[in-house]
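Colleague: What follows is a single structure, and I will ask about it in a moment.
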Amino acid sequence: MKYLLIVLLSLQGTFSKAHAQRFDIPSMDFLKSSIDSFYRQKAEAEILEFREAGRGRWLNYIPSPGWSVITGFSVNFNLTAPIQEAKARNQNKSRVAAIRRVNLLEAEQTGQECRRDLESLKMAVNAFQAGTTVDSLQTKLFQLSMQQYDRQEMTPTEFLNRKAANENYNISRLAAANGIRNQILNLLSKSHAPAWTFEKVVQLTLK
C-alpha cells in the first residue's frame with residue numbers, strides 16, 4: 001500500500017506540470033516590427049525583380065548600321081527611343097510606388113489582424129490563469145484521496161474514480177495550455193516573426 005502511494009505521488013508531480021504553465025506573449029510592438037520588416041523586404045524584392053526585367057532598354061539607343069546599293073553604308077537612328085524611354089521611366093516610377101503602396105496596405109491589414117488575435121490570446125491566458133486556484137484545490141483533493149486510500153478509508157473503486165477524475169482534469173488543463181501555445185505560434189507565423197521565437201515557444205512546451 002505504501003509503495004502504491006509513493007508511485008501515485010510521483011505521478012502527481014508529473015501531472016502538476018499541467019498547472020505550472022508559463023506563456024511568453026509577444027508584445028504588439030514586437031509583432032508590428034516583424035510585420036513591417038517582412039513587408040519592407042518583400043517590397044524591395046519585388047521592386048528589384050521588376051527593375052531587373054526592365055534592363056537592356058539602352059540597346060534601343062544603339063544606331064543600326066545598314067548598307068544599300070543606292071546609298072551605300074548608312075546608320076539608322078531610332079528617333080522615338082528617347083520618347084519611349086522617358087515614358088518607360090515614368091511608368092516605372094508609378095509601378096515602384098504601387099508596389100510600395102500595396103505592401104504597406106498589406107502590412108497594415110496584417111497588423112490589425114494580429115492586434116485582434118493578440119487580444120483573443122490575452123483573454124485565453126487570463127482565463128487559464130484564473131483556474132490556478134482550482135488547480136491547487138484539485139491537487140490537494142487528490143493528495144487527500146491518496147492518504148485516505150493508504151489508510152484504507154476508501155475502496156479501490158472509489159480511489160480509481162478519484163484518480164480518473166484527477167487525470168482527466170490535468171489532461172484538460174494541458175490541452176488548454178497547448179491551445180494557448182498554438183495561438184501564440186499562429187500569431188508569430190502571421191506576423192512573420194523570426195525563427196528563434198518559434199523555437200522558444202516549442203522549448204517551453206517540451207519542458
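Starting from 1 in every chain, residues are counted up; chains themselves are A, B, ... following the order of the C-alpha cells, and ligands are numbered from 1 as listed.
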If we count only C-alpha atoms, what is near Ile35 of chain A at a cut-off of 8 Å, once residues fewer than 2 positions away on the same chain are taken out, given as number ranges by chain?

Modeller: A: 31-33, 37-39, 107, 110-111, 191-193

Colleague: Store the residues of this selection in a file with N, CA and C atoms, as an mmCIF file, in the first residue's frame.

Modeller:
data_model
loop_
_atom_site.group_PDB
_atom_site.id
_atom_site.type_symbol
_atom_site.label_atom_id
_atom_site.label_comp_id
_atom_site.auth_asym_id
_atom_site.auth_seq_id
_atom_site.Cartn_x
_atom_site.Cartn_y
_atom_site.Cartn_z
ATOM 1 N N LEU A 31 5.427 42.449 -32.672
ATOM 2 C CA LEU A 31 4.708 41.936 -33.834
ATOM 3 C C LEU A 31 4.711 42.946 -34.970
ATOM 4 N N LYS A 32 4.473 44.215 -34.638
ATOM 5 C CA LYS A 32 4.448 45.278 -35.655
ATOM 6 C C LYS A 32 5.816 45.419 -36.311
ATOM 7 N N SER A 33 6.879 45.307 -35.513
ATOM 8 C CA SER A 33 8.230 45.398 -36.060
ATOM 9 C C SER A 33 8.501 44.254 -37.025
ATOM 10 N N SER A 37 9.102 44.772 -41.066
ATOM 11 C CA SER A 37 10.357 44.277 -41.633
ATOM 12 C C SER A 37 10.091 43.327 -42.798
ATOM 13 N N PHE A 38 9.123 42.433 -42.613
ATOM 14 C CA PHE A 38 8.819 41.458 -43.666
ATOM 15 C C PHE A 38 8.317 42.134 -44.929
ATOM 16 N N TYR A 39 7.343 43.016 -44.790
ATOM 17 C CA TYR A 39 6.749 43.634 -45.974
ATOM 18 C C TYR A 39 7.685 44.662 -46.610
ATOM 19 N N ALA A 107 0.722 45.258 -44.917
ATOM 20 C CA ALA A 107 1.313 45.316 -43.580
ATOM 21 C C ALA A 107 0.302 45.861 -42.571
ATOM 22 N N THR A 110 -2.383 43.165 -41.937
ATOM 23 C CA THR A 110 -1.838 42.101 -41.094
ATOM 24 C C THR A 110 -1.684 42.572 -39.654
ATOM 25 N N GLY A 111 -1.267 43.828 -39.486
ATOM 26 C CA GLY A 111 -1.135 44.378 -38.141
ATOM 27 C C GLY A 111 -2.458 44.424 -37.403
ATOM 28 N N SER A 191 2.611 37.192 -38.177
ATOM 29 C CA SER A 191 3.420 38.415 -38.131
ATOM 30 C C SER A 191 4.788 38.238 -38.784
ATOM 31 N N HIS A 192 5.085 37.010 -39.280
ATOM 32 C CA HIS A 192 6.375 36.717 -39.904
ATOM 33 C C HIS A 192 7.533 36.991 -38.938
ATOM 34 N N ALA A 193 7.359 36.550 -37.687
ATOM 35 C CA ALA A 193 8.375 36.752 -36.661
ATOM 36 C C ALA A 193 9.606 35.887 -36.947
#

Colleague: What's around Leu160 of chain A at 12 Å? Count only C-alpha atoms, leave out sequence neighbours fewer than 6 positions away in its own chain, and write the answer as a list in words.

Modeller: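 Listing them by chain and then by number gives Leu8, Phe142, Ser145, Met146, Tyr149, Met154, Asn166 and Glu167 of chain A.
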
Colleague: Give me the residues near Ala98 of chain A as a PDB file with N, CA and C atoms, in the first residue's frame, where near means some atom within 12 Å (using only C-alpha atoms) and where sequence neighbours in that chain fewer than 5 positions away do not count.

Modeller:
ATOM      1  N   ALA A  43       8.686  44.156 -50.461  1.00  0.00           N
ATOM      2  CA  ALA A  43       8.546  45.233 -51.449  1.00  0.00           C
ATOM      3  C   ALA A  43       9.848  45.445 -52.212  1.00  0.00           C
ATOM      4  N   GLU A  46      10.404  42.688 -54.734  1.00  0.00           N
ATOM      5  CA  GLU A  46       9.526  42.833 -55.899  1.00  0.00           C
ATOM      6  C   GLU A  46      10.002  43.968 -56.804  1.00  0.00           C
ATOM      7  N   ILE A  47      10.473  45.048 -56.197  1.00  0.00           N
ATOM      8  CA  ILE A  47      10.983  46.179 -56.978  1.00  0.00           C
ATOM      9  C   ILE A  47      12.250  45.779 -57.723  1.00  0.00           C
ATOM     10  N   PHE A  50      11.360  43.658 -60.639  1.00  0.00           N
ATOM     11  CA  PHE A  50      10.770  44.487 -61.688  1.00  0.00           C
ATOM     12  C   PHE A  50      11.842  45.247 -62.461  1.00  0.00           C
ATOM     13  N   GLN A  91       6.486  55.288 -66.116  1.00  0.00           N
ATOM     14  CA  GLN A  91       5.721  54.094 -65.788  1.00  0.00           C
ATOM     15  C   GLN A  91       6.407  53.291 -64.682  1.00  0.00           C
ATOM     16  N   ASN A  92       7.736  53.255 -64.750  1.00  0.00           N
ATOM     17  CA  ASN A  92       8.487  52.526 -63.730  1.00  0.00           C
ATOM     18  C   ASN A  92       8.323  53.163 -62.348  1.00  0.00           C
ATOM     19  N   LYS A  93       8.363  54.482 -62.313  1.00  0.00           N
ATOM     20  CA  LYS A  93       8.175  55.180 -61.043  1.00  0.00           C
ATOM     21  C   LYS A  93       6.789  54.888 -60.466  1.00  0.00           C
ATOM     22  N   ASN A 103       2.239  46.840 -50.539  1.00  0.00           N
ATOM     23  CA  ASN A 103       2.869  46.167 -49.392  1.00  0.00           C
ATOM     24  C   ASN A 103       2.599  46.902 -48.084  1.00  0.00           C
ATOM     25  N   LEU A 104       2.500  48.211 -48.156  1.00  0.00           N
ATOM     26  CA  LEU A 104       2.176  48.980 -46.964  1.00  0.00           C
ATOM     27  C   LEU A 104       0.757  48.662 -46.489  1.00  0.00           C
ATOM     28  N   LEU A 105      -0.168  48.562 -47.441  1.00  0.00           N
ATOM     29  CA  LEU A 105      -1.552  48.219 -47.092  1.00  0.00           C
ATOM     30  C   LEU A 105      -1.642  46.807 -46.517  1.00  0.00           C
TER      31      LEU A 105
END

Colleague: Give me, please, the distance in Å between atom CA of Ser136 of chain A and atom CA of Asn182 of chain A, quoted to one decimal.

Modeller: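 Between these atoms lies a distance of 25.0 Å.
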
Colleague: Between A:Arg173, A:Arg101, A:Arg115, A:Arg22, single out the one closest to Lys42 of chain A, counting only C-alpha atoms.

Modeller: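 Comparing A:Arg173, A:Arg101, A:Arg115, A:Arg22 against Lys42 of chain A, the winner is A:Arg101.
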
Colleague: Under the rule that only C-alpha atoms are counted, which of A:Leu188, A:Cys114, A:Glu106, A:Thr132 is the nearest residue to Lys200 of chain A?

Modeller: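 Distance minimum relative to Lys200 of chain A lands on A:Leu188.
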
Colleague: In Å, how far is it from atom CA of Asp29 of chain A to atom CA of Val96 of chain A?

Modeller: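 About the pair atom CA of Asp29 of chain A and atom CA of Val96 of chain A: they are 27.6 Å apart.
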
Colleague: Quote the spacing between atom CA of Phe198 of chain A and atom CA of Leu185 of chain A in Å to one decimal place.

Modeller: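 These atoms are spaced 6.5 Å apart.
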
Colleague: Nearest to Ser27 of chain A: which of A:Ile180, A:Leu121, A:Leu174, A:Ala195 is it, counting only C-alpha atoms?

Modeller: A:Leu121

Colleague: With distances taken over only C-alpha atoms, which of A:Asn126, A:Arg51, A:Asp24, A:Gly131 is nearest to Ser172 of chain A?

Modeller: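 Comparing A:Asn126, A:Arg51, A:Asp24, A:Gly131 against Ser172 of chain A, the winner is A:Gly131.
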
Colleague: Which residue, A:Lys190, A:Arg181, A:Arg95, A:Arg151, has the smallest gap to Ala124 of chain A when you use only C-alpha atoms?

Modeller: A:Arg181
